[in-house]
Structures are given as C-alpha cells and as structure tokens.
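The structure file input.txt is reproduced below (compact mmCIF, C-alpha atoms (C1' of nucleotides)).
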# COMPACT_ATOMS: atom_id res chain seq x y z
CA MET L 126 -7.04 -24.74 -12.53
CA THR L 127 -4.95 -24.71 -15.66
CA ASP L 128 -1.23 -25.41 -15.62
CA ARG L 129 -0.39 -21.77 -16.12
CA ALA L 130 -2.66 -20.71 -13.29
CA GLN L 131 -0.91 -23.19 -11.02
CA GLN L 132 2.48 -21.86 -12.09
CA ILE L 133 1.30 -18.36 -11.26
CA MET L 134 0.10 -19.44 -7.84
CA ALA L 135 3.39 -21.20 -7.15
CA ALA L 136 5.29 -18.08 -8.10
CA ALA L 137 3.03 -15.92 -5.95
CA ARG L 138 3.44 -18.23 -2.99
CA GLU L 139 7.22 -18.31 -3.30
CA LEU L 140 7.38 -14.55 -3.58
CA LEU L 141 5.14 -14.13 -0.56
CA ASP L 142 7.07 -16.61 1.56
CA THR L 143 10.53 -15.34 0.69
CA GLU L 144 10.05 -11.59 0.36
CA GLY L 145 6.79 -10.78 2.10
CA PRO L 146 3.54 -9.16 0.99
CA ASP L 147 5.14 -5.95 -0.30
CA ALA L 148 7.02 -7.95 -2.92
CA LEU L 149 3.81 -9.53 -4.14
CA SER L 150 3.25 -7.34 -7.18
CA MET L 151 1.78 -8.41 -10.49
CA ARG L 152 5.02 -7.54 -12.28
CA ARG L 153 7.16 -9.53 -9.83
CA ILE L 154 4.85 -12.54 -10.09
CA ALA L 155 4.86 -12.38 -13.88
CA GLU L 156 8.64 -12.06 -13.96
CA ARG L 157 8.98 -15.28 -11.94
CA VAL L 158 6.68 -17.09 -14.36
CA GLY L 159 8.55 -15.70 -17.37
CA ILE L 160 5.75 -13.58 -18.83
CA ARG L 161 4.60 -9.95 -18.61
CA ALA L 162 2.23 -8.60 -16.00
CA PRO L 163 -0.78 -7.95 -18.28
CA SER L 164 -0.75 -11.60 -19.35
CA LEU L 165 -1.63 -12.58 -15.80
CA TYR L 166 -5.08 -11.16 -16.47
CA LYS L 167 -5.72 -13.96 -18.95
CA HIS L 168 -5.66 -16.31 -15.96
CA PHE L 169 -6.92 -14.25 -13.01
CA PRO L 170 -9.42 -11.39 -13.11
CA ASP L 171 -7.29 -9.23 -10.81
CA LYS L 172 -4.72 -9.27 -8.04
CA ALA L 173 -7.41 -9.83 -5.43
CA ALA L 174 -8.18 -13.19 -7.05
CA VAL L 175 -4.56 -14.28 -6.68
CA GLU L 176 -4.61 -13.22 -3.04
CA ALA L 177 -7.90 -15.04 -2.53
CA ALA L 178 -6.29 -18.22 -3.86
CA LEU L 179 -3.44 -17.70 -1.41
CA GLN L 180 -6.00 -17.35 1.37
CA ALA L 181 -7.45 -20.69 0.33
CA GLN L 182 -3.97 -22.21 0.58
CA GLY L 183 -3.48 -20.71 4.02
CA MET L 184 -6.83 -21.96 5.26
CA THR L 185 -6.25 -25.46 3.90
CA GLN L 186 -2.80 -25.74 5.40
CA LEU L 187 -4.01 -24.52 8.80
CA ALA L 188 -6.93 -26.96 8.76
CA GLN L 189 -4.61 -29.86 7.93
CA GLU L 190 -2.14 -29.03 10.66
CA LEU L 191 -4.86 -28.59 13.29
CA GLU L 192 -6.38 -31.93 12.30
CA ALA L 193 -2.96 -33.56 12.52
CA ALA L 194 -2.50 -32.12 16.00
CA GLU L 195 -5.91 -33.48 16.99
CA ALA L 196 -5.03 -36.93 15.72
CA GLY L 197 -1.64 -36.97 17.38
CA ILE L 198 -2.29 -38.83 20.62
CA GLY L 199 0.06 -37.14 23.09
CA ALA L 200 0.35 -36.92 26.82
CA GLU L 201 -0.38 -33.22 26.46
CA PRO L 202 -3.79 -31.74 27.16
CA PRO L 203 -5.61 -31.53 23.81
CA LEU L 204 -6.10 -27.77 24.08
CA LEU L 205 -2.40 -27.17 24.48
CA ALA L 206 -1.55 -29.45 21.57
CA LEU L 207 -3.96 -27.55 19.36
CA ALA L 208 -2.63 -24.22 20.51
CA ARG L 209 0.93 -25.30 19.82
CA ALA L 210 -0.01 -26.40 16.31
CA TYR L 211 -1.77 -23.09 15.67
CA ARG L 212 1.22 -21.07 16.79
CA ARG L 213 3.69 -23.26 14.95
CA HIS L 214 1.77 -22.83 11.70
CA ALA L 215 1.67 -19.05 12.03
CA LEU L 216 5.33 -18.68 12.95
CA ALA L 217 6.43 -21.04 10.19
CA ASN L 218 4.36 -19.19 7.56
CA PRO L 219 4.11 -15.64 8.83
CA HIS L 220 3.32 -13.93 5.53
CA LEU L 221 0.82 -16.55 4.47
CA TYR L 222 -0.85 -16.36 7.87
CA ARG L 223 -1.14 -12.60 7.61
CA ILE L 224 -2.60 -12.58 4.12
CA THR L 225 -5.02 -15.34 5.08
CA HIS L 226 -6.21 -14.21 8.47
CA THR L 227 -5.68 -10.47 8.87
CA ARG L 228 -8.10 -9.19 6.26
CA PRO L 229 -11.63 -9.90 5.13
CA LEU L 230 -11.90 -13.46 3.88
CA ALA L 231 -12.67 -14.00 0.19
CA ARG L 232 -15.37 -16.51 1.01
CA THR L 233 -16.73 -16.94 -2.53
CA ALA L 234 -13.29 -18.01 -3.74
CA LEU L 235 -12.97 -20.59 -0.96
CA PRO L 236 -13.57 -24.33 -1.43
CA ASP L 237 -16.92 -25.36 0.00
CA GLY L 238 -16.83 -26.11 3.70
CA LEU L 239 -13.18 -25.19 4.14
CA GLU L 240 -13.88 -22.39 6.58
CA ASP L 241 -15.94 -24.70 8.78
CA ARG L 242 -13.37 -27.45 8.48
CA ALA L 243 -10.65 -25.16 9.81
CA ALA L 244 -12.90 -24.14 12.70
CA MET L 245 -13.99 -27.62 13.72
CA PRO L 246 -10.91 -28.69 15.68
CA LEU L 247 -11.42 -25.74 18.01
CA VAL L 248 -15.13 -26.46 18.34
CA ARG L 249 -14.37 -30.07 19.20
CA ALA L 250 -11.77 -28.99 21.76
CA ALA L 251 -14.41 -26.74 23.31
CA ARG L 252 -16.76 -29.73 23.44
CA GLY L 253 -19.23 -27.94 21.24
CA ASP L 254 -19.42 -24.76 23.31
CA ILE L 255 -19.46 -22.20 20.52
CA ASP L 256 -18.70 -19.23 22.78
CA ILE L 257 -15.59 -20.91 24.10
CA ALA L 258 -14.60 -22.03 20.63
CA ARG L 259 -14.77 -18.46 19.36
CA SER L 260 -12.88 -17.21 22.40
CA LEU L 261 -10.16 -19.79 21.86
CA TRP L 262 -9.87 -18.72 18.26
CA ALA L 263 -9.70 -15.04 19.17
CA PHE L 264 -7.10 -15.73 21.84
CA ALA L 265 -4.90 -17.83 19.55
CA HIS L 266 -5.22 -15.35 16.69
CA GLY L 267 -4.48 -12.44 19.00
CA MET L 268 -1.41 -14.09 20.50
CA VAL L 269 -0.07 -14.94 17.08
CA VAL L 270 -0.55 -11.59 15.38
CA LEU L 271 0.83 -9.69 18.36
CA GLU L 272 3.88 -11.96 18.29
CA LEU L 273 4.29 -11.59 14.52
CA ASP L 274 4.10 -7.81 14.83
CA GLY L 275 6.66 -7.76 17.63
CA ARG L 276 4.16 -6.22 20.01
CA PHE L 277 5.20 -8.16 23.11
CA PRO L 278 8.22 -7.02 25.13
CA PRO L 279 11.48 -8.65 23.98
CA GLY L 280 11.89 -11.10 26.84
CA ALA L 281 8.21 -11.94 27.28
CA ASP L 282 7.52 -15.57 28.22
CA LEU L 283 4.82 -16.28 25.67
CA ASP L 284 4.82 -20.01 26.36
CA ALA L 285 3.70 -19.21 29.88
CA ALA L 286 0.86 -17.02 28.61
CA TRP L 287 -0.32 -19.75 26.25
CA ARG L 288 -0.15 -22.33 29.03
CA THR L 289 -1.99 -20.20 31.57
CA SER L 290 -4.83 -19.40 29.19
CA CYS L 291 -5.20 -22.92 27.89
CA GLU L 292 -5.66 -24.05 31.47
CA ALA L 293 -8.21 -21.31 32.13
CA PHE L 294 -10.17 -22.29 29.03
CA ALA L 295 -9.91 -25.96 29.94
CA HIS L 296 -11.51 -25.24 33.31
CA ALA L 297 -14.27 -23.24 31.67
CA ILE L 298 -14.98 -26.15 29.33
CA HIS L 299 -15.30 -28.66 32.14
CA ASP L 300 -17.42 -26.31 34.23
CA THR L 301 -19.96 -25.73 31.50
CA THR L 302 -19.95 -29.41 30.62
CA ARG L 303 -20.88 -30.21 34.19
CA GLY L 304 -23.55 -27.55 34.10
CA ASP L 305 -22.02 -25.18 36.63
CA THR L 306 -23.06 -21.57 36.38
CA ALA L 307 -19.96 -19.51 37.14
CA MET T 67 4.69 20.27 17.12
CA THR T 68 4.25 23.32 14.91
CA ASP T 69 0.85 24.60 13.86
CA ARG T 70 1.26 23.26 10.35
CA ALA T 71 2.24 19.84 11.63
CA GLN T 72 -0.88 19.78 13.76
CA GLN T 73 -3.00 20.79 10.79
CA ILE T 74 -1.46 17.97 8.82
CA MET T 75 -2.17 15.47 11.57
CA ALA T 76 -5.76 16.69 11.83
CA ALA T 77 -6.20 16.26 8.08
CA ALA T 78 -4.64 12.80 8.21
CA ARG T 79 -6.87 11.75 11.07
CA GLU T 80 -10.02 13.00 9.35
CA LEU T 81 -9.07 11.26 6.15
CA LEU T 82 -8.36 8.03 7.99
CA ASP T 83 -11.58 8.12 9.98
CA THR T 84 -13.86 9.01 7.10
CA GLU T 85 -12.35 7.14 4.15
CA GLY T 86 -10.09 4.50 5.63
CA PRO T 87 -6.39 3.72 5.31
CA ASP T 88 -6.41 3.43 1.51
CA ALA T 89 -7.39 7.09 1.24
CA LEU T 90 -4.49 8.11 3.45
CA SER T 91 -2.12 9.25 0.70
CA MET T 92 0.32 12.13 0.89
CA ARG T 93 -1.49 13.91 -1.92
CA ARG T 94 -4.90 13.55 -0.28
CA ILE T 95 -3.56 14.80 3.05
CA ALA T 96 -1.87 17.77 1.40
CA GLU T 97 -5.02 18.60 -0.55
CA ARG T 98 -7.00 18.78 2.70
CA VAL T 99 -4.42 21.13 4.19
CA GLY T 100 -4.39 23.26 1.06
CA ILE T 101 -0.81 22.61 -0.01
CA ARG T 102 1.01 20.20 -2.35
CA ALA T 103 2.27 16.78 -1.36
CA PRO T 104 6.02 17.51 -1.48
CA SER T 105 5.55 20.33 1.02
CA LEU T 106 4.52 17.76 3.62
CA TYR T 107 8.14 16.66 3.71
CA LYS T 108 9.08 20.01 5.25
CA HIS T 109 7.13 18.89 8.33
CA PHE T 110 7.45 15.10 8.40
CA PRO T 111 10.39 13.03 7.16
CA ASP T 112 8.10 10.55 5.39
CA LYS T 113 4.65 8.99 5.42
CA ALA T 114 5.69 6.50 8.08
CA ALA T 115 6.21 9.41 10.48
CA VAL T 116 2.65 10.60 9.92
CA GLU T 117 1.38 7.09 10.54
CA ALA T 118 3.53 6.83 13.65
CA ALA T 119 1.92 10.00 14.98
CA LEU T 120 -1.48 8.47 14.28
CA GLN T 121 -0.41 5.40 16.24
CA ALA T 122 0.46 7.67 19.16
CA GLN T 123 -3.04 9.16 18.94
CA GLY T 124 -4.58 5.70 18.89
CA MET T 125 -2.55 4.53 21.88
CA THR T 126 -3.34 7.64 23.89
CA GLN T 127 -7.03 7.44 23.20
CA LEU T 128 -7.20 3.75 24.11
CA ALA T 129 -5.27 4.35 27.34
CA GLN T 130 -7.62 7.16 28.32
CA GLU T 131 -10.74 5.13 27.64
CA LEU T 132 -9.45 2.11 29.54
CA GLU T 133 -8.55 4.30 32.50
CA ALA T 134 -12.00 5.86 32.40
CA ALA T 135 -13.56 2.39 32.43
CA GLU T 136 -11.40 1.46 35.43
CA ALA T 137 -12.46 4.57 37.29
CA GLY T 138 -16.15 4.12 36.50
CA ILE T 139 -17.46 2.32 39.56
CA GLY T 140 -20.15 0.04 38.13
CA ALA T 141 -21.99 -3.00 39.32
CA GLU T 142 -20.25 -4.89 36.51
CA PRO T 143 -17.23 -7.12 37.13
CA PRO T 144 -14.15 -4.98 36.41
CA LEU T 145 -12.88 -7.34 33.71
CA LEU T 146 -16.11 -7.05 31.76
CA ALA T 147 -16.14 -3.28 32.07
CA LEU T 148 -12.61 -3.12 30.73
CA ALA T 149 -13.43 -5.51 27.91
CA ARG T 150 -16.46 -3.47 26.95
CA ALA T 151 -14.39 -0.28 26.84
CA TYR T 152 -11.75 -1.98 24.69
CA ARG T 153 -14.32 -3.22 22.21
CA ARG T 154 -16.19 0.06 22.16
CA HIS T 155 -13.02 1.96 21.36
CA ALA T 156 -12.11 -0.35 18.50
CA LEU T 157 -15.58 -0.37 16.95
CA ALA T 158 -15.92 3.40 17.27
CA ASN T 159 -12.52 4.02 15.64
CA PRO T 160 -11.95 1.01 13.40
CA HIS T 161 -9.40 2.56 11.05
CA LEU T 162 -7.45 4.20 13.84
CA TYR T 163 -7.44 0.94 15.78
CA ARG T 164 -6.12 -0.95 12.77
CA ILE T 165 -3.35 1.49 12.00
CA THR T 166 -2.37 1.59 15.67
CA HIS T 167 -2.54 -2.06 16.63
CA THR T 168 -2.22 -4.24 13.55
CA ARG T 169 1.31 -3.44 12.53
CA PRO T 170 4.69 -3.04 14.19
CA LEU T 171 4.57 -0.19 16.70
CA ALA T 172 6.73 2.87 16.00
CA ARG T 173 8.06 2.90 19.55
CA THR T 174 10.66 5.64 19.06
CA ALA T 175 7.93 8.06 17.94
CA LEU T 176 5.80 7.26 20.98
CA PRO T 177 5.57 9.49 24.07
CA ASP T 178 7.59 8.04 26.94
CA GLY T 179 5.69 5.50 29.00
CA LEU T 180 2.58 5.56 26.82
CA GLU T 181 2.84 1.91 25.83
CA ASP T 182 3.09 0.86 29.48
CA ARG T 183 0.31 3.22 30.44
CA ALA T 184 -2.05 1.60 27.94
CA ALA T 185 -1.12 -1.84 29.25
CA MET T 186 -1.51 -1.08 32.95
CA PRO T 187 -5.31 -1.31 33.22
CA LEU T 188 -5.13 -4.90 32.01
CA VAL T 189 -2.26 -5.71 34.33
CA ARG T 190 -4.20 -4.28 37.26
CA ALA T 191 -7.30 -6.26 36.27
CA ALA T 192 -5.12 -9.39 36.23
CA ARG T 193 -3.90 -8.49 39.74
CA GLY T 194 -0.35 -8.28 38.50
CA ASP T 195 -0.30 -11.70 36.84
CA ILE T 196 1.60 -10.83 33.69
CA ASP T 197 0.69 -14.06 31.85
CA ILE T 198 -2.98 -13.43 32.38
CA ALA T 199 -2.60 -9.77 31.45
CA ARG T 200 -0.99 -10.72 28.15
CA SER T 201 -3.64 -13.36 27.53
CA LEU T 202 -6.40 -10.86 28.19
CA TRP T 203 -4.81 -8.46 25.75
CA ALA T 204 -4.42 -11.12 23.09
CA PHE T 205 -8.00 -12.24 23.56
CA ALA T 206 -9.42 -8.72 23.37
CA HIS T 207 -7.28 -7.82 20.37
CA GLY T 208 -8.18 -11.06 18.62
CA MET T 209 -11.90 -10.59 19.21
CA VAL T 210 -11.78 -7.05 17.95
CA VAL T 211 -9.78 -7.60 14.78
CA LEU T 212 -11.79 -10.66 13.84
CA GLU T 213 -14.95 -8.62 14.30
CA LEU T 214 -13.58 -5.69 12.31
CA ASP T 215 -12.59 -8.01 9.49
CA GLY T 216 -16.02 -9.64 9.44
CA ARG T 217 -14.53 -13.01 10.24
CA PHE T 218 -17.26 -14.21 12.56
CA PRO T 219 -20.47 -15.67 11.13
CA PRO T 220 -23.19 -13.04 10.55
CA GLY T 221 -25.40 -13.94 13.48
CA ALA T 222 -22.64 -14.78 15.96
CA ASP T 223 -23.37 -13.75 19.56
CA LEU T 224 -20.11 -12.02 20.30
CA ASP T 225 -21.35 -10.58 23.57
CA ALA T 226 -21.71 -14.11 24.83
CA ALA T 227 -18.17 -14.99 23.81
CA TRP T 228 -16.80 -11.93 25.57
CA ARG T 229 -18.81 -12.73 28.69
CA THR T 230 -17.81 -16.38 28.80
CA SER T 231 -14.12 -15.62 28.45
CA CYS T 232 -14.12 -12.79 30.93
CA GLU T 233 -15.59 -15.17 33.46
CA ALA T 234 -12.98 -17.81 32.65
CA PHE T 235 -10.17 -15.30 33.06
CA ALA T 236 -11.73 -13.99 36.27
CA HIS T 237 -11.65 -17.50 37.71
CA ALA T 238 -8.04 -17.94 36.66
CA ILE T 239 -7.14 -14.68 38.39
CA HIS T 240 -8.73 -15.70 41.68
CA ASP T 241 -7.22 -19.17 41.55
CA THR T 242 -3.68 -17.94 41.14
CA THR T 243 -4.22 -15.25 43.73
CA ARG T 244 -5.20 -17.93 46.22
CA GLY T 245 -2.17 -19.99 45.20
CA ASP T 246 -4.04 -22.90 43.66
CA THR T 247 -2.12 -24.95 41.12
CA ALA T 248 -4.74 -25.99 38.61
C1' DC A 295 -9.23 -23.36 -45.56
C1' DT A 296 -11.07 -20.56 -42.52
C1' DT A 297 -12.84 -19.17 -38.20
C1' DG A 298 -12.31 -18.44 -33.50
C1' DA A 299 -10.51 -18.88 -29.05
C1' DC A 300 -6.46 -18.57 -26.41
C1' DA A 301 -2.42 -16.47 -24.58
C1' DG A 302 1.12 -13.77 -25.19
C1' DC A 303 2.81 -8.81 -26.17
C1' DT A 304 3.46 -3.28 -26.02
C1' DA A 305 1.76 1.14 -24.81
C1' DA A 306 -0.61 3.70 -21.85
C1' DC A 307 -3.40 5.71 -17.75
C1' DA A 308 -3.97 7.07 -13.17
C1' DC A 309 -2.25 6.50 -9.00
C1' DT A 310 1.55 5.89 -5.14
C1' DG A 311 5.81 7.76 -2.13
C1' DT A 312 9.62 10.52 -2.73
C1' DT A 313 13.58 13.64 -4.42
C1' DA A 314 15.79 17.65 -6.64
C1' DG A 315 15.84 22.16 -7.37
C1' DC A 316 13.81 26.74 -7.57
C1' DC A 317 11.76 30.86 -5.32
C1' DA A 318 9.51 34.06 -2.08
C1' DT A 319 9.11 35.50 2.47
C1' DA A 320 10.50 36.40 7.02
C1' DT A 321 13.87 36.56 10.56
C1' DG A 322 18.06 37.74 12.41
C1' DT A 323 22.89 39.75 12.24
C1' DT A 324 26.31 42.94 11.04
C1' DA B 59 19.85 49.78 6.05
C1' DA B 60 21.75 45.76 3.96
C1' DC B 61 22.88 41.24 3.79
C1' DA B 62 22.52 36.09 5.22
C1' DT B 63 19.98 32.38 6.35
C1' DA B 64 16.32 29.45 7.41
C1' DT B 65 11.50 28.34 6.39
C1' DG B 66 8.05 26.61 3.73
C1' DG B 67 5.92 26.77 -0.31
C1' DC B 68 6.15 25.27 -5.49
C1' DT B 69 6.88 22.34 -10.17
C1' DA B 70 8.88 18.55 -12.54
C1' DA B 71 10.28 14.19 -12.38
C1' DC B 72 11.35 9.12 -11.21
C1' DA B 73 10.31 4.51 -10.16
C1' DG B 74 6.99 1.79 -8.76
C1' DT B 75 1.81 0.08 -8.44
C1' DG B 76 -2.78 -2.23 -10.56
C1' DT B 77 -5.13 -2.32 -14.72
C1' DT B 78 -7.04 -1.64 -19.64
C1' DA B 79 -7.00 -1.44 -24.72
C1' DG B 80 -5.66 -3.28 -28.61
C1' DC B 81 -2.54 -5.96 -31.53
C1' DT B 82 -0.48 -10.48 -32.88
C1' DG B 83 0.72 -15.28 -33.36
C1' DT B 84 -0.59 -20.06 -32.66
C1' DC B 85 -3.40 -23.89 -32.72
C1' DA B 86 -7.71 -26.64 -32.90
C1' DA B 87 -12.44 -27.30 -34.86
C1' DG B 88 -15.83 -27.00 -38.47
Show me this structure written as structure tokens.
Amino acid sequence: MTDRAQQIMAAARELLDTEGPDALSMRRIAERVGIRAPSLYKHFPDKAAVEAALQAQGMTQLAQELEAAEAGIGAEPPLLALARAYRRHALANPHLYRITHTRPLARTALPDGLEDRAAMPLVRAARGDIDIARSLWAFAHGMVVLELDGRFPPGADLDAAWRTSCEAFAHAIHDTTRGDTA
Amino acid sequence: MTDRAQQIMAAARELLDTEGPDALSMRRIAERVGIRAPSLYKHFPDKAAVEAALQAQGMTQLAQELEAAEAGIGAEPPLLALARAYRRHALANPHLYRITHTRPLARTALPDGLEDRAAMPLVRAARGDIDIARSLWAFAHGMVVLELDGRFPPGADLDAAWRTSCEAFAHAIHDTTRGDTA
DNA sequence: CTTGACAGCTAACACTGTTAGCCATATGTT
DNA sequence: AACATATGGCTAACAGTGTTAGCTGTCAAG
C-alpha cells in the first residue's frame, strides 16, 4: 500500500469512527486527505474497495483482541473471557464492527488466513466442536448487533444473558467432550 | 390507512421482495403506483415512514409464524420447532427480515404490543426465563443474519449447529426450572 | 530531450431524498 | 347556486451520492 492509500484509509477510518457510515462518502474522505473525490480512484478502484479494506481492519483488530483475551490467564471461565472481549470490541468500535460484520465479507480483499484466524479462538474454546463454535459465534454476533441497534428493552440485564448462555454452552462442550448424547 | 397508502405499501413490499433494499427508492415506488415521487409525500411524511410500515409488516408476519409453530403440535422439541419457524421466515423473506430486524426499530410506528407479541413465543419456550429468552433470540438472529450474509463456509452444516444449540438451551431451561445452580 | 507513467484537477452524468409552488378536482358550507 | 377549502396530483429544483472522461502538470527513465 502506497503512502497515499494509507492516508486515504486513515481518513476513512476516522470518518467512520467519528461520524458513522453515512458520513463515509468519497467526497468527505477526499476532503480529509486534501484532494478531490475523483482522485481517490487513482488509488482505489471504487468505494467498495475502501470498505473492503476497512473490513480487513475490523477483522484484524477483532482477531487480535480475541487472541489477547485467550492469552490473558484469568480466574474467569475462558468462554466468558472471550465473550467479554468480543462484546467490548464491538461496543468500542460500533461503526467498524457494523461495516465489517453486518454485510457480505469481501473475502478476496482479505489477507490470507485472516478469516480463519479470527474464528480460531472460538473453535478452541469449543474444544474443536465446530457446531458449538458456530453457535457461539452466532450468539455473540446476535447479542452485539441487537445491542448496537438498541433492540433490547432499556433496562435489560445483558450481562446476565451473556453469563447464562456462556454457562449453557460450557455444559454442552463438556458433555460432548465426554461423549454424552443429550 | 387510505387506499392510496395501502397501494404504496404494496408497491414498496413488492419492490423490496423482488429487487432488494437498494431498489426501494421513492421514484421506483411511485412508478409502480403510477404516480410521481413527490406525490408520495402526500401520504407518508418521508421514506423512513414507509420503511417503518414495512418493519411493522415484518414484525407481524414473524409473530404470526412463530405462534403457528407454537400451536403446531409436533413430535419435535418445541424449541427446535420454534427455531425452524424463525429460520424459515427469514430465509423466505430475506429483504423484509433485514429491513425489519437489522436496524433500529421504529417503535412509535408499531402497532401497540406487537413487539412484545413477537417476543412471547421465545419467552414461553424459555419457561419465563428472560435471560434465556434473550439468548435464544440473539442466537437465532445471529444464525440467520450470518446465513443471509453468506458468512458461513459454503458447506457448513447449519442444521447441526441449530440442533446442537437448541439442545444446549433446552438443558439450561430444565436446569434452572429445577433450581440447579450450574 | 523526449517519452511515459503517475496523480492531481474540472465538468459532467445518472441517481438519491426532499421541498416549493402550481393546479385541478371534489367536498362541504353559506 | 356559489364560494371555500382540503386533497392529491404535477413540474422544477436543490443538495447530495458514486463514478467516468478527459485534461494537465510533474517527475523519472531511456
């Protein structure tokens, strides 16, 4: 990535973080860089390419934070620690999370293996059970997007919901590990 | 709702279902009704109001289908039946589901009690445990939007993930009902 | 010295939601 | 019967969107 391209990405990211996805227009990005909108097309084929690069940022950051949560040796159950990290990332970067995870993923524009890397912490937490790993992901993603969209009632105790489900999934993991059939 | 307003909603719904949310422009809607775009504003204050009415349709339809699944006395575990109905609704009406459930809800434009009505089947399935009900909702919503966005790997066995999680939640429900503390 | 690539620019197109203002029709009211 | 008003169409226009075509200056390589 050339210097200019990096400047453009930095401007796009700032705009997204501070003013949300609606403010992310080619003219606004260009303005922040100090050039005109059509000049952006010398560095990116179209707006989708800029958004794809933002998705790559979002994926990378999530992967890093999940890995950090895995490494952090706490008294907490590992599932809960992971869940907390997931939620913290989404709430701290709501617009980035949305652009990254609530639309089709621009896989061709993604660094090799990044998608798997982001998924691995959940797979490890599920002790390799892919069905549980996917369920955990769906649950965490669902909780987070519903919270971001203000879909839960105002006073809802979301911590309790996270806790309850993490326990339920933890039981399921141990059951299948021991070979129990429901 | 006046006749014209209903015509407009029908046109909007058709447009949404057949061509997706990007095709849902005021000019396209008006064209389908046989009038010009500015005339729409004699019937709806703005585009957001049309979308809010679509959200009401989406909520109503989901509530009806969940209630039907509850009433259908099958050999299946009730949680699985409900989950199946939820997924079927979303996959059969992907654009409507997205517009209804993946953005802030226009609550003031919603019929009284509709939001609660749509939530009740899940609450009943969770035997009144609100944390589990919310978790079930988050899980189902997460599964469905990830599937709609093509986020799962091509060959992923999503049925298995649904089944595994429904069982896990079912266990959690019976445990708490019996008063067990994990 | 010249050629070519690079990176900026302006002007423009087709589209978006939305507003202002005009006009015909239909419905009451005096 | 005549007048007033509300209703629901219309055109023209504005500010914004992504994007393309085509021009220009700069700078490095042959």
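Between CA of Tyr166 in chain L and CA of Pro236 in chain L the separation is 21.7 Å.
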Using only C-alpha atoms (C1' of nucleotides), tabulate the residues of chain B lying at most 12 Å from any atom of chain T, each with its closest atom pair and that distance in Å to one decimal, by chain and increasing residue number, as a Markdown table.
| residue | atom | partner | partner_atom | distance |
| --- | --- | --- | --- | --- |
| B:DT65 | C1' | T:Lys108 | CA | 8.7 |
| B:DG66 | C1' | T:Lys108 | CA | 6.9 |
| B:DG67 | C1' | T:Ser105 | CA | 6.6 |
| B:DC68 | C1' | T:Arg102 | CA | 7.9 |
| B:DT69 | C1' | T:Pro104 | CA | 10.0 |
| B:DA70 | C1' | T:Pro104 | CA | 11.5 |
What are the closest atom pairs, with distances in Å to one decimal, for each residue of chain T lying within 12 Å of chain A, using only C-alpha atoms (C1' of nucleotides), rows by chain and rising residue number, as CSV?
residue,atom,partner,partner_atom,distance
T:Asp88,CA,A:DT310,C1',10.7
T:Ala89,CA,A:DT310,C1',11.0
T:Leu90,CA,A:DT310,C1',10.7
T:Ser91,CA,A:DT310,C1',7.7
T:Met92,CA,A:DG311,C1',7.6
T:Arg93,CA,A:DT310,C1',9.2
T:Arg94,CA,A:DT310,C1',11.1
T:Ala103,CA,A:DG311,C1',9.7
T:Pro104,CA,A:DT312,C1',8.0
T:Ser105,CA,A:DT312,C1',11.3
T:Leu106,CA,A:DT312,C1',10.9
T:Tyr107,CA,A:DT312,C1',9.0
T:Pro111,CA,A:DT312,C1',10.2
T:Asp112,CA,A:DT312,C1',8.3
T:Lys113,CA,A:DG311,C1',7.7
T:Ala114,CA,A:DG311,C1',10.3
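From CA of Ala281 in chain L back to CA of Ile196 in chain T, the distance works out to 9.3 Å.
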Please report, as JSON lines, each residue of chain L lying at most 7 Å from chain T, together with the nearest pair of atoms and the separation in Å rounded to one decimal; use all atoms listed in the file, and order rows by chain and ascending residue number.
{"residue": "L:Arg228", "atom": "CA", "partner": "T:Asp215", "partner_atom": "CA", "distance": 5.7}
{"residue": "L:Pro229", "atom": "CA", "partner": "T:Asp215", "partner_atom": "CA", "distance": 4.8}
{"residue": "L:Leu230", "atom": "CA", "partner": "T:Arg217", "partner_atom": "CA", "distance": 6.9}
{"residue": "L:Asp256", "atom": "CA", "partner": "T:Ala227", "partner_atom": "CA", "distance": 4.4}
{"residue": "L:Ile257", "atom": "CA", "partner": "T:Ala227", "partner_atom": "CA", "distance": 6.5}
{"residue": "L:Arg259", "atom": "CA", "partner": "T:Ala227", "partner_atom": "CA", "distance": 6.6}
{"residue": "L:Ser260", "atom": "CA", "partner": "T:Ala227", "partner_atom": "CA", "distance": 5.9}
{"residue": "L:Ala263", "atom": "CA", "partner": "T:Gly208", "partner_atom": "CA", "distance": 4.3}
{"residue": "L:Phe264", "atom": "CA", "partner": "T:Phe205", "partner_atom": "CA", "distance": 4.0}
{"residue": "L:His266", "atom": "CA", "partner": "T:Gly208", "partner_atom": "CA", "distance": 5.6}
{"residue": "L:Gly267", "atom": "CA", "partner": "T:Gly208", "partner_atom": "CA", "distance": 4.0}
{"residue": "L:Met268", "atom": "CA", "partner": "T:Ala204", "partner_atom": "CA", "distance": 5.0}
{"residue": "L:Asp274", "atom": "CA", "partner": "T:Pro170", "partner_atom": "CA", "distance": 4.8}
{"residue": "L:Gly275", "atom": "CA", "partner": "T:Pro170", "partner_atom": "CA", "distance": 6.2}
{"residue": "L:Arg276", "atom": "CA", "partner": "T:Pro170", "partner_atom": "CA", "distance": 6.7}
{"residue": "L:Ala285", "atom": "CA", "partner": "T:Asp197", "partner_atom": "CA", "distance": 6.3}
{"residue": "L:Ala286", "atom": "CA", "partner": "T:Asp197", "partner_atom": "CA", "distance": 4.4}
{"residue": "L:Thr289", "atom": "CA", "partner": "T:Asp197", "partner_atom": "CA", "distance": 6.7}
{"residue": "L:Ser290", "atom": "CA", "partner": "T:Ser201", "partner_atom": "CA", "distance": 6.4}
{"residue": "L:Ala293", "atom": "CA", "partner": "T:Ala238", "partner_atom": "CA", "distance": 5.6}
{"residue": "L:Phe294", "atom": "CA", "partner": "T:Ala234", "partner_atom": "CA", "distance": 6.4}
{"residue": "L:Ala297", "atom": "CA", "partner": "T:Ala234", "partner_atom": "CA", "distance": 5.7}
Which of L:Ala234, L:Val175, L:Leu221, L:Ala210 sits closest to Glu190 in chain L [using all atoms listed in the file]: L:Ala210
CA of Ala118 in chain T to CA of Met75 in chain T, distance in Å rounded to a single decimal: 10.6 Å
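The environment of Val99 in chain T within 7 Å, counting all atoms listed in the file and disregarding residues fewer than 6 places along the same chain, consists of Gln73, Ile74 and Ala77 of chain T.
Near Gly138 in chain T, within a cut-off of 10 Å and counting all atoms listed in the file, sit the residues Leu132, Glu133, Pro144, Ala147 and Leu148 of chain T, with same-chain residues fewer than 5 positions away left out.
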